[in-house]
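See below for the structure under consideration.
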Amino acid sequence: MSHILVTGGTGYIGSHTCLQMLLSGFEISIIDSYVNSSTKVLDSLIKLGKEYNKDFLEKINFFKGDIRDELLLDSIFKKSRINSKPISSVIHFAGFKAVGESFNYPLKYWQNNLNGSISLFKVMNQNNCRNIIFSSSATVYCQTNSFPVSEEGIVAASNPYGQTKLAIEKLLRDLTNSDERWRIIALRYFNPVGAHPSGTIGEDPVGIPNNLFPIICQVASGRIDRLKVFGKNWPTKDGTCLRDYIHVMDLAEAHKASIELLFDNTQDNFLVLNIGNGIGISVLEAINKFQEINKCNISYSFVERRNGDLPIIIADNKKALSLLNWKPNRDLNQMCSDAWNWQKKNPNGY
Ligand SMILES: NC(=O)c1ccc[n+]([C@@H]2O[C@H](COP(=O)([O-])OP(=O)(O)OC[C@H]3O[C@@H](n4cnc5c(N)ncnc54)[C@H](O)[C@@H]3O)[C@@H](O)[C@H]2O)c1
């Protein structure tokens, strides 16, 4: 098993993926600046390891820092060894992710997401490490597609955040064209939700959450008065937007499967894969299911449509199902119960 560098490894998806990688026998170095995560995540991971009878302390090296700090990155590649193994691959989560915020602060998004990625790829190249899984997003698909959308769908992100993801994908493609030793998989995630079933790690948004599930959880726990549902006359089955929710543990497993494919696949050195369930769930269905499963009440009211929203975003996930040794295993019931379990156990986050 190899030693992987995980950028942004204490964030929401990163922490679940680190757990998955550690449980599968990988060793990991993590770099995170904590700009959007808690210093307590590492302790939670170590604690979870004990519940699985594993000592993760011996398997994790942690570096607090920014991926734009090339000197730090270079020293991590040169010096971070676990059981004498150097870093063989990277899973790259570090970046900002709020679509709405990216309209107001485009420089912040381009600087962090693009410059951070350029620094990372440059230092990887210098250190002869050219295997990478990149966190891309369904936001890259534009309105003119019909959904479910395959990886061949039209990409033209409608917001600065999505533009940064597209730009990084293009850069990665250029790298593989310039040097065939690069092996790259860009995973376009749809809507990750839920938490580890123990409630020890989960999503801990800073400030007011932007995404549906964290808002539902905070309404259920009384932190937020009511949920605003953006629009009730969309061209969908019940007039609310359809999204493709994927359990964060299924997403974490997709990373493990992608790392395995990176080593096995001798054909394509640049792959893009949609990671979703392939099922469209409306906002009202998500609210109703959450109430039913968790026996709680979610107050909501309809407000105007939100700028930039699309009525339907659903993945055609056939390519991932056929190439990865992976499939999503957790349904909406599980997403609702795990999200609420995390919220109940950690009403104020970590
Ligand atoms: N959560 C989603 O809905 C979603 C959907 C599609 C794609 N993604 C992408 O997946 C990745 C992970 O998302 P997440 O939900 O776990 O986000 P997150 O904010 O919880 O995690 C990102 C982590 O990166 C760290 N970070 C940010 N910039 C950094 C930098 N310059 N140097 C070092 N660390 C830095 C943050 O502190 C945080 O721990 C992001 O790239 C995001 O764009 C997320």
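Naming scheme: A, B, ... for chains in displayed order of the structure tokens; residues 1 onward per chain; ligands 1 onward as shown.
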Tell me which protein, DNA and RNA residues are within 10 Å of Ile185 of chain A, counting only C-alpha atoms, leaving out same-chain ones fewer than 3 positions away, and put them as a ChimeraX atom specification.
-> /A:91,131-136,169,172-173,188,255,258-259,261-262,268-273
Report as a short mmCIF file (atom, residue, chain, number, x, y, z; two decimals) with C-alpha atoms, in the first residue's frame which protein, DNA and RNA residues come within 6 Å of ligand 1, using only C-alpha atoms and all ligand atoms.
data_model
loop_
_atom_site.label_atom_id
_atom_site.label_comp_id
_atom_site.auth_asym_id
_atom_site.auth_seq_id
_atom_site.Cartn_x
_atom_site.Cartn_y
_atom_site.Cartn_z
CA GLY A 8 -7.50 19.76 2.26
CA GLY A 9 -7.63 16.49 4.20
CA THR A 10 -9.31 17.95 7.30
CA GLY A 11 -12.28 19.30 5.30
CA TYR A 12 -15.65 17.62 4.89
CA ILE A 13 -14.94 15.25 2.00
CA GLY A 14 -11.22 15.08 2.79
CA ILE A 31 -1.66 19.40 4.22
CA ASP A 32 -4.40 21.78 5.33
CA SER A 33 -4.36 25.44 6.32
CA TYR A 34 -7.52 25.03 8.43
CA VAL A 35 -9.01 27.96 6.51
CA ASN A 36 -12.30 26.05 6.37
CA SER A 37 -11.88 23.17 8.81
CA GLY A 65 0.05 25.14 5.78
CA ASP A 66 -1.17 26.56 2.52
CA ILE A 67 -0.65 24.68 -0.74
CA ARG A 68 0.48 27.96 -2.31
CA PHE A 93 -9.29 18.66 -2.21
CA ALA A 94 -7.85 21.99 -1.02
CA GLY A 95 -9.81 24.93 -2.35
CA PHE A 96 -12.80 27.17 -1.76
CA LYS A 97 -16.21 25.80 -2.74
CA ASN A 112 -6.73 30.05 -3.96
CA GLY A 116 -2.89 26.64 -5.24
CA SER A 135 -11.90 17.23 -6.85
CA SER A 136 -13.92 18.73 -9.65
CA SER A 137 -17.61 19.48 -9.55
CA TYR A 189 -18.84 15.28 -7.61
CA PHE A 190 -22.56 15.88 -7.58
CA ASN A 191 -24.08 16.74 -4.14
CA PRO A 192 -22.21 15.12 -1.24
#
Please tabulate, as JSON lines, the residues of segment 162-271 of chain A that come within 9 Å of segment 16-30 of chain A, each with its closest pair of atoms and the distance in Å to one decimal, counting only C-alpha atoms and ordering rows by chain, then residue number upward.
{"residue": "A:Ala195", "atom": "CA", "partner": "A:His16", "partner_atom": "CA", "distance": 7.9}
{"residue": "A:His196", "atom": "CA", "partner": "A:His16", "partner_atom": "CA", "distance": 7.2}
{"residue": "A:Ile201", "atom": "CA", "partner": "A:His16", "partner_atom": "CA", "distance": 7.3}
{"residue": "A:Gly202", "atom": "CA", "partner": "A:His16", "partner_atom": "CA", "distance": 7.9}
{"residue": "A:Val248", "atom": "CA", "partner": "A:His16", "partner_atom": "CA", "distance": 7.0}
{"residue": "A:Met249", "atom": "CA", "partner": "A:His16", "partner_atom": "CA", "distance": 6.4}
{"residue": "A:Leu251", "atom": "CA", "partner": "A:Thr17", "partner_atom": "CA", "distance": 7.7}
{"residue": "A:Ala252", "atom": "CA", "partner": "A:Thr17", "partner_atom": "CA", "distance": 4.3}
{"residue": "A:Glu253", "atom": "CA", "partner": "A:Gln20", "partner_atom": "CA", "distance": 6.5}
{"residue": "A:Ala254", "atom": "CA", "partner": "A:Thr17", "partner_atom": "CA", "distance": 8.8}
{"residue": "A:His255", "atom": "CA", "partner": "A:Thr17", "partner_atom": "CA", "distance": 6.9}
{"residue": "A:Lys256", "atom": "CA", "partner": "A:Met21", "partner_atom": "CA", "distance": 6.2}
Interface rows for segment 96-162 of chain A against segment 299-307 of chain A: nearest pair, Å to one decimal, 12 Å, only C-alpha atoms, as a Markdown table:
| residue | atom | partner | partner_atom | distance |
| --- | --- | --- | --- | --- |
| A:Val99 | CA | A:Asn307 | CA | 10.7 |
| A:Gly100 | CA | A:Asn307 | CA | 9.0 |
| A:Phe103 | CA | A:Asn307 | CA | 10.6 |
| A:Ser158 | CA | A:Asn307 | CA | 10.2 |
| A:Asn159 | CA | A:Asn307 | CA | 10.2 |
Let me see the file: selected residues, N, CA and C atoms, as a CSV table (one decimal), in the first residue's frame.
chain,number,residue,atom,x,y,z
A,99,VAL,N,-20.4,28.5,-4.2
A,99,VAL,CA,-20.7,29.2,-5.5
A,99,VAL,C,-21.1,30.6,-5.3
A,100,GLY,N,-22.0,30.9,-4.3
A,100,GLY,CA,-22.5,32.3,-4.1
A,100,GLY,C,-21.4,33.2,-3.7
A,103,PHE,N,-19.1,34.6,-6.5
A,103,PHE,CA,-19.6,35.8,-7.4
A,103,PHE,C,-19.1,37.1,-6.7
A,158,SER,N,-21.3,28.6,-14.9
A,158,SER,CA,-22.0,29.8,-14.8
A,158,SER,C,-21.5,30.7,-13.6
A,159,ASN,N,-20.5,30.2,-12.9
A,159,ASN,CA,-20.1,31.0,-11.7
A,159,ASN,C,-18.6,30.9,-11.6
From the DSSP assignment of the backbone, select every residue of segment 160-257 of chain A that is strand (DSSP E), and format the answer as a compact mmCIF listing (two decimals) with N, CA and C atoms, in the first residue's frame.
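Dumped to result.txt:
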# COMPACT_ATOMS: atom_id res chain seq x y z
N ARG A 183 -0.61 10.76 -14.58
CA ARG A 183 -1.81 9.92 -14.53
C ARG A 183 -2.83 10.68 -13.67
N ILE A 184 -3.93 11.04 -14.31
CA ILE A 184 -4.84 12.00 -13.67
C ILE A 184 -6.29 11.54 -13.77
N ILE A 185 -7.00 11.64 -12.66
CA ILE A 185 -8.46 11.43 -12.71
C ILE A 185 -9.12 12.65 -12.06
N ALA A 186 -9.99 13.31 -12.82
CA ALA A 186 -10.78 14.41 -12.26
C ALA A 186 -12.16 13.84 -11.94
N LEU A 187 -12.54 13.92 -10.67
CA LEU A 187 -13.86 13.42 -10.26
C LEU A 187 -14.82 14.60 -10.17
N ARG A 188 -15.88 14.54 -10.95
CA ARG A 188 -16.89 15.61 -10.86
C ARG A 188 -17.97 15.15 -9.88
N TYR A 189 -17.88 15.69 -8.64
CA TYR A 189 -18.84 15.28 -7.61
C TYR A 189 -20.16 15.97 -7.87
N ASN A 191 -23.83 16.05 -5.43
CA ASN A 191 -24.08 16.74 -4.14
C ASN A 191 -23.77 15.85 -2.94
N PRO A 192 -22.57 15.96 -2.39
CA PRO A 192 -22.21 15.12 -1.24
C PRO A 192 -22.99 15.53 0.01
N VAL A 193 -23.54 14.53 0.70
CA VAL A 193 -24.28 14.79 1.94
C VAL A 193 -24.01 13.66 2.93
N LEU A 227 -36.23 26.98 6.62
CA LEU A 227 -35.50 26.76 5.38
C LEU A 227 -36.16 27.57 4.27
N LYS A 228 -35.34 28.27 3.48
CA LYS A 228 -35.89 28.96 2.32
C LYS A 228 -35.77 28.04 1.12
N VAL A 229 -36.90 27.75 0.49
CA VAL A 229 -36.86 26.93 -0.73
C VAL A 229 -36.93 27.88 -1.92
N PHE A 230 -35.88 27.83 -2.75
CA PHE A 230 -35.76 28.82 -3.84
C PHE A 230 -36.58 28.41 -5.05
N LEU A 242 -34.28 19.56 -8.72
CA LEU A 242 -33.82 18.18 -8.52
C LEU A 242 -32.30 18.15 -8.46
N ARG A 243 -31.78 17.46 -7.45
CA ARG A 243 -30.33 17.30 -7.32
C ARG A 243 -30.00 15.83 -7.12
N TYR A 245 -27.99 13.59 -4.95
CA TYR A 245 -27.27 13.54 -3.67
C TYR A 245 -26.49 12.24 -3.58
N ILE A 246 -25.28 12.36 -3.07
CA ILE A 246 -24.44 11.17 -2.90
C ILE A 246 -23.87 11.17 -1.47
N HIS A 247 -23.97 10.02 -0.83
CA HIS A 247 -23.48 9.92 0.55
C HIS A 247 -21.97 10.13 0.56
Pick from A:Leu166, A:Leu42, A:Ile87, A:Val155, whichever lies nearest to Asn128 of chain A using only C-alpha atoms | A:Ile87
Distance query Asn211 of chain A at most 10 Å, only C-alpha atoms, self and fewer than 2 positions along chain excluded, as a list in words = Ala98, Asn191, Pro192, Val193, Pro205, Ile208, Pro209, Phe213, Pro214, Ile215 and Ile216 of chain A
Store the residues picked out above, limited to N, CA and C atoms, as a compact mmCIF listing (two decimals), in the first residue's frame.
# COMPACT_ATOMS: atom_id res chain seq x y z
N ALA A 98 -17.71 27.69 -2.26
CA ALA A 98 -19.07 28.26 -2.17
C ALA A 98 -19.40 29.06 -3.44
N ASN A 191 -23.83 16.05 -5.43
CA ASN A 191 -24.08 16.74 -4.14
C ASN A 191 -23.77 15.85 -2.94
N PRO A 192 -22.57 15.96 -2.39
CA PRO A 192 -22.21 15.12 -1.24
C PRO A 192 -22.99 15.53 0.01
N VAL A 193 -23.54 14.53 0.70
CA VAL A 193 -24.28 14.79 1.94
C VAL A 193 -24.01 13.66 2.93
N PRO A 205 -20.02 23.42 8.50
CA PRO A 205 -19.85 24.66 7.74
C PRO A 205 -19.56 25.86 8.65
N ILE A 208 -23.22 30.68 8.13
CA ILE A 208 -24.51 30.16 7.69
C ILE A 208 -24.29 29.21 6.52
N PRO A 209 -24.81 27.97 6.63
CA PRO A 209 -24.55 27.02 5.54
C PRO A 209 -25.21 27.41 4.23
N PHE A 213 -28.67 20.16 2.82
CA PHE A 213 -28.69 19.27 3.99
C PHE A 213 -28.19 19.95 5.27
N PRO A 214 -27.07 20.67 5.22
CA PRO A 214 -26.66 21.35 6.46
C PRO A 214 -27.72 22.34 6.94
N ILE A 215 -28.44 22.98 6.01
CA ILE A 215 -29.49 23.91 6.44
C ILE A 215 -30.64 23.12 7.09
N ILE A 216 -31.07 22.03 6.44
CA ILE A 216 -32.15 21.21 7.02
C ILE A 216 -31.75 20.79 8.44
So that I can see what lies close to Val149 of chain A, please list as a CSV table (one decimal) with N, CA and C atoms, in the first residue's frame the residues with an atom at most 10 Å from it, counting only C-alpha atoms and leaving out residues fewer than 5 positions away in the same chain.
chain,number,residue,atom,x,y,z
A,138,ALA,N,-19.8,19.0,-10.4
A,138,ALA,CA,-20.9,19.1,-11.3
A,138,ALA,C,-21.2,20.5,-11.8
A,141,TYR,N,-21.0,21.8,-15.5
A,141,TYR,CA,-22.0,21.5,-16.6
A,141,TYR,C,-23.0,22.7,-16.7
A,142,CYS,N,-23.2,23.1,-18.0
A,142,CYS,CA,-24.1,24.3,-18.1
A,142,CYS,C,-25.6,23.8,-18.4
A,154,ILE,N,-21.9,19.4,-22.2
A,154,ILE,CA,-21.2,20.7,-22.5
A,154,ILE,C,-20.8,21.4,-21.1
A,274,ASN,N,-17.9,11.3,-13.6
A,274,ASN,CA,-19.0,11.8,-12.7
A,274,ASN,C,-19.2,10.9,-11.5
A,278,GLY,N,-27.0,9.2,-9.8
A,278,GLY,CA,-27.8,9.0,-11.0
A,278,GLY,C,-29.3,9.2,-10.7
A,313,ILE,N,-30.0,18.8,-11.9
A,313,ILE,CA,-28.6,18.4,-12.1
A,313,ILE,C,-28.5,17.0,-11.6
A,314,ILE,N,-28.4,16.1,-12.6
A,314,ILE,CA,-28.3,14.6,-12.3
A,314,ILE,C,-27.1,14.0,-13.1
A,315,ALA,N,-26.4,13.1,-12.4
A,315,ALA,CA,-25.2,12.5,-13.1
A,315,ALA,C,-25.6,11.3,-13.9
A,316,ASP,N,-25.1,11.2,-15.1
A,316,ASP,CA,-25.0,9.9,-15.8
A,316,ASP,C,-23.7,9.3,-15.2
A,317,ASN,N,-23.8,8.3,-14.4
A,317,ASN,CA,-22.6,7.8,-13.7
A,317,ASN,C,-22.1,6.4,-14.3
Tell me, as a ChimeraX atom specification, which residues lie within 10 Å of Ser44 of chain A, counting only C-alpha atoms; anything in the same chain fewer than 6 positions away does not count.
-> /A:15,50,199-201,350
What separation in Å, quoted to one decimal, exists between atom CA of Glu292 of chain A and atom CA of Ile224 of chain A?
->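 Pair atom CA of Glu292 of chain A / atom CA of Ile224 of chain A returns 19.5 Å.
Rounded to one decimal, atom CA of Lys108 of chain A and atom CA of Lys122 of chain A lie 20.6 Å from each other.
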Non-local contacts of Met124 of chain A (9 Å; only C-alpha atoms; under 6 positions in same chain excluded) as a PyMOL selection string = chain A and resi 73-74+77+89-90+130-131
In terms of the shortest atom-to-atom distance over only C-alpha atoms, which of A:Lys85, A:Lys232, A:Arg226, A:Lys344 is closest to Asn297 of chain A?
->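 Of the candidates, the smallest distance to Asn297 of chain A is held by A:Arg226.
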